[in-house]
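Only one structure is covered here, and it is reproduced in the block below.
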Amino acid sequence: VSDAAVPKRGTVVAIDGPAGAGKSTLAAALSRALDLPYVNTGLMYRALTRVALERGIDVDDAGALGSLALEIAGRFRIGGGAHPELVADGIVPRSLTSPDVESEVSRVARHPPVRSVMRELQRRLGAAGTVMEGRDIGTVVFPDADVKIFLLAAPGVRVTRRQSERPDGRSAEQVARAVARRDALDSKTNPLEAAPDAHVLDTTGLTREQVVAESLRLVHSTLRATVHHGGSES
Ligand code: DC
């Protein structure tokens, strides 16, 4: 491989889409295949929500939540090991999917002061290359990401996936209601849309392996095209 094929900054793969579309599964698999750190940005909003709830901070208090985001920013880092990924120091991972966090995280995530702190943090964490997953990664955080994938899935499929990934004894109806409620909240506060240059992938009828294989194909063909068309400028 010639020098022209080596990107100047780290390669950024942005994965966006609604809850339960398969983002985390895909992002983790791609990060391993491409040997890039995995950053799940939902975890950051959840961690902030966890700490805010513990301290009794009002989820409508944009200023207090923005300050709290700045205060805990240093806890987020890329861990070590064979498969580096985002970790939040001092926060028990299981506490991030508890019902109180699930029900409040959208409200915490909607405040502009919170989002601007998170955006800068995410840019810093991903600067050396990353597979980053969230809602606004390809649109706001890394509008110049090398590859953007936007995942979709039919509502019923998203409910089934949420249930199997977080077995907590809730019925399909309960999970369906929770997913519908969070969609409604998420879309009100932070409209979810694909970047114009994102590859939209509907995962409804696909297995996990098919989604990963199709995405890897997209990543490789997009990176090749970028090198051919943009290589001479750099
Ligand atoms: O992907 P998730 O379900 O873990 O996300 C948790 C919440 O955080 C969800 O309500 C949307 C919000 N979020 C966001 O606003 N922006 C992101 N980049 C990631 C998540």
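Starting from 1 in every chain, residues are counted up; chains themselves are A, B, ... following the order of the structure tokens, and ligands are numbered from 1 as listed.
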For ligand 1, collect every residue having any atom at a distance of at most 7 Å from a ligand atom (counting only C-alpha atoms and all ligand atoms); output as a VMD selection string. chain A and resid 19 41 to 43 45 to 46 105 to 106 109 to 110 133 to 137 182 186 190
Store the residues picked out above in a file with N, CA, C and O atoms, as a PDB file, in the first residue's frame.
ATOM      1  N   ALA A  19     -32.890   3.743  18.410  1.00  0.00           N
ATOM      2  CA  ALA A  19     -32.646   2.676  19.388  1.00  0.00           C
ATOM      3  C   ALA A  19     -33.111   1.333  18.833  1.00  0.00           C
ATOM      4  O   ALA A  19     -34.196   1.239  18.265  1.00  0.00           O
ATOM      5  N   THR A  41     -21.627   6.737  21.965  1.00  0.00           N
ATOM      6  CA  THR A  41     -21.914   8.045  22.562  1.00  0.00           C
ATOM      7  C   THR A  41     -23.178   8.043  23.416  1.00  0.00           C
ATOM      8  O   THR A  41     -23.335   8.897  24.288  1.00  0.00           O
ATOM      9  N   GLY A  42     -24.071   7.076  23.193  1.00  0.00           N
ATOM     10  CA  GLY A  42     -25.251   6.949  24.055  1.00  0.00           C
ATOM     11  C   GLY A  42     -24.832   6.739  25.501  1.00  0.00           C
ATOM     12  O   GLY A  42     -25.462   7.240  26.439  1.00  0.00           O
ATOM     13  N   LEU A  43     -23.728   5.999  25.660  1.00  0.00           N
ATOM     14  CA  LEU A  43     -23.195   5.735  26.998  1.00  0.00           C
ATOM     15  C   LEU A  43     -22.843   7.041  27.721  1.00  0.00           C
ATOM     16  O   LEU A  43     -23.024   7.174  28.931  1.00  0.00           O
ATOM     17  N   TYR A  45     -24.283  10.069  27.310  1.00  0.00           N
ATOM     18  CA  TYR A  45     -25.523  10.723  27.764  1.00  0.00           C
ATOM     19  C   TYR A  45     -26.144   9.952  28.925  1.00  0.00           C
ATOM     20  O   TYR A  45     -26.725  10.540  29.840  1.00  0.00           O
ATOM     21  N   ARG A  46     -26.012   8.626  28.888  1.00  0.00           N
ATOM     22  CA  ARG A  46     -26.554   7.824  29.982  1.00  0.00           C
ATOM     23  C   ARG A  46     -25.767   8.059  31.277  1.00  0.00           C
ATOM     24  O   ARG A  46     -26.345   8.170  32.359  1.00  0.00           O
ATOM     25  N   VAL A 105     -33.098   9.913  29.987  1.00  0.00           N
ATOM     26  CA  VAL A 105     -31.909  10.261  29.197  1.00  0.00           C
ATOM     27  C   VAL A 105     -32.231  11.188  28.017  1.00  0.00           C
ATOM     28  O   VAL A 105     -31.456  12.103  27.704  1.00  0.00           O
ATOM     29  N   SER A 106     -33.389  11.022  27.381  1.00  0.00           N
ATOM     30  CA  SER A 106     -33.737  11.895  26.250  1.00  0.00           C
ATOM     31  C   SER A 106     -33.835  13.346  26.681  1.00  0.00           C
ATOM     32  O   SER A 106     -33.445  14.258  25.952  1.00  0.00           O
ATOM     33  N   ALA A 109     -30.419  14.738  27.267  1.00  0.00           N
ATOM     34  CA  ALA A 109     -29.624  14.858  26.039  1.00  0.00           C
ATOM     35  C   ALA A 109     -30.077  16.007  25.143  1.00  0.00           C
ATOM     36  O   ALA A 109     -29.382  16.379  24.213  1.00  0.00           O
ATOM     37  N   ARG A 110     -31.258  16.585  25.434  1.00  0.00           N
ATOM     38  CA  ARG A 110     -31.768  17.577  24.475  1.00  0.00           C
ATOM     39  C   ARG A 110     -31.163  18.960  24.678  1.00  0.00           C
ATOM     40  O   ARG A 110     -31.297  19.822  23.817  1.00  0.00           O
ATOM     41  N   GLU A 133     -20.671   5.590  17.410  1.00  0.00           N
ATOM     42  CA  GLU A 133     -22.094   5.320  17.233  1.00  0.00           C
ATOM     43  C   GLU A 133     -22.947   6.305  18.017  1.00  0.00           C
ATOM     44  O   GLU A 133     -22.596   6.679  19.135  1.00  0.00           O
ATOM     45  N   GLY A 134     -24.078   6.744  17.436  1.00  0.00           N
ATOM     46  CA  GLY A 134     -24.967   7.648  18.165  1.00  0.00           C
ATOM     47  C   GLY A 134     -26.168   8.058  17.335  1.00  0.00           C
ATOM     48  O   GLY A 134     -26.774   7.237  16.640  1.00  0.00           O
ATOM     49  N   ARG A 135     -26.529   9.346  17.441  1.00  0.00           N
ATOM     50  CA  ARG A 135     -27.679   9.863  16.693  1.00  0.00           C
ATOM     51  C   ARG A 135     -27.269  10.951  15.700  1.00  0.00           C
ATOM     52  O   ARG A 135     -27.926  11.145  14.692  1.00  0.00           O
ATOM     53  N   ASP A 136     -26.192  11.672  16.070  1.00  0.00           N
ATOM     54  CA  ASP A 136     -25.801  12.869  15.309  1.00  0.00           C
ATOM     55  C   ASP A 136     -24.325  12.828  14.924  1.00  0.00           C
ATOM     56  O   ASP A 136     -23.712  13.862  14.715  1.00  0.00           O
ATOM     57  N   ILE A 137     -23.765  11.633  14.853  1.00  0.00           N
ATOM     58  CA  ILE A 137     -22.314  11.547  14.606  1.00  0.00           C
ATOM     59  C   ILE A 137     -21.980  11.968  13.175  1.00  0.00           C
ATOM     60  O   ILE A 137     -21.087  12.781  12.950  1.00  0.00           O
ATOM     61  N   ARG A 182     -39.571   6.521  23.854  1.00  0.00           N
ATOM     62  CA  ARG A 182     -38.268   7.153  23.683  1.00  0.00           C
ATOM     63  C   ARG A 182     -38.083   7.691  22.261  1.00  0.00           C
ATOM     64  O   ARG A 182     -37.487   8.744  22.057  1.00  0.00           O
ATOM     65  N   ASP A 186     -37.112  11.350  21.765  1.00  0.00           N
ATOM     66  CA  ASP A 186     -35.881  11.614  21.010  1.00  0.00           C
ATOM     67  C   ASP A 186     -36.189  12.501  19.809  1.00  0.00           C
ATOM     68  O   ASP A 186     -35.442  13.426  19.506  1.00  0.00           O
ATOM     69  N   ASN A 190     -34.501  16.098  19.520  1.00  0.00           N
ATOM     70  CA  ASN A 190     -33.263  15.982  18.795  1.00  0.00           C
ATOM     71  C   ASN A 190     -33.539  15.182  17.529  1.00  0.00           C
ATOM     72  O   ASN A 190     -33.235  14.004  17.461  1.00  0.00           O
TER      73      ASN A 190
END
If you count only C-alpha atoms, which residues fall within 8 Å of segment 70-86 of chain A, apart from same-chain ones fewer than 3 positions away, as a PyMOL selection string? chain A and resi 31-32+35-40+44+48+66-67+89-90+117+121+125
According to DSSP computed on the backbone, where in segment 7-231 of chain A is there alpha helix (DSSP H)? Give the residues as JSON, numbers by chain. {"A": [23, 24, 25, 26, 27, 28, 29, 30, 31, 32, 33, 34, 41, 42, 43, 44, 45, 46, 47, 48, 49, 50, 51, 52, 53, 54, 55, 62, 63, 64, 65, 66, 67, 68, 69, 70, 71, 72, 99, 100, 101, 102, 103, 104, 105, 106, 107, 108, 109, 112, 113, 114, 115, 116, 117, 118, 119, 120, 121, 122, 123, 124, 125, 126, 155, 156, 157, 158, 159, 160, 161, 162, 163, 164, 165, 172, 173, 174, 175, 176, 177, 178, 179, 180, 181, 182, 183, 184, 185, 186, 187, 188, 189, 208, 209, 210, 211, 212, 213, 214, 215, 216, 217, 218, 219, 220, 221, 222, 223, 224, 225, 226, 227, 228, 229, 230]}
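You can rank A:Pro99, A:Pro196, A:Gly22, A:Pro143 by their closest distance to Val211 of chain A using only C-alpha atoms, and at the top of that list sits A:Gly22.
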Atom CA of Val12 of chain A and atom CA of Arg123 of chain A, how far apart in Å?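 So the two atoms, atom CA of Arg123 of chain A and atom CA of Val12 of chain A, lie 10.1 Å apart.
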Spatial neighbours of Val200 of chain A, max dist 12 Å, only C-alpha atoms, sep filter under 5 positions, as a PyMOL selection string: chain A and resi 14-17+21+138+147-153+193-195+211+214-215+218
Can you build me a table of segment 113-143 of chain A residues sitting at most 12 Å from segment 49-64 of chain A, with the closest atom pair per residue and its distance in Å to one decimal, using only C-alpha atoms, sorted by chain and residue number, as CSV?
residue,atom,partner,partner_atom,distance
A:Pro113,CA,A:Ala62,CA,6.5
A:Val114,CA,A:Ala62,CA,7.2
A:Arg115,CA,A:Ala62,CA,10.2
A:Ser116,CA,A:Ala62,CA,11.6
A:Val117,CA,A:Gly63,CA,11.7
Restricting the calculation to only C-alpha atoms: of A:Arg161, A:Leu30, A:Ala172, A:Arg9, which residue gets closest to Val219 of chain A? A:Leu30
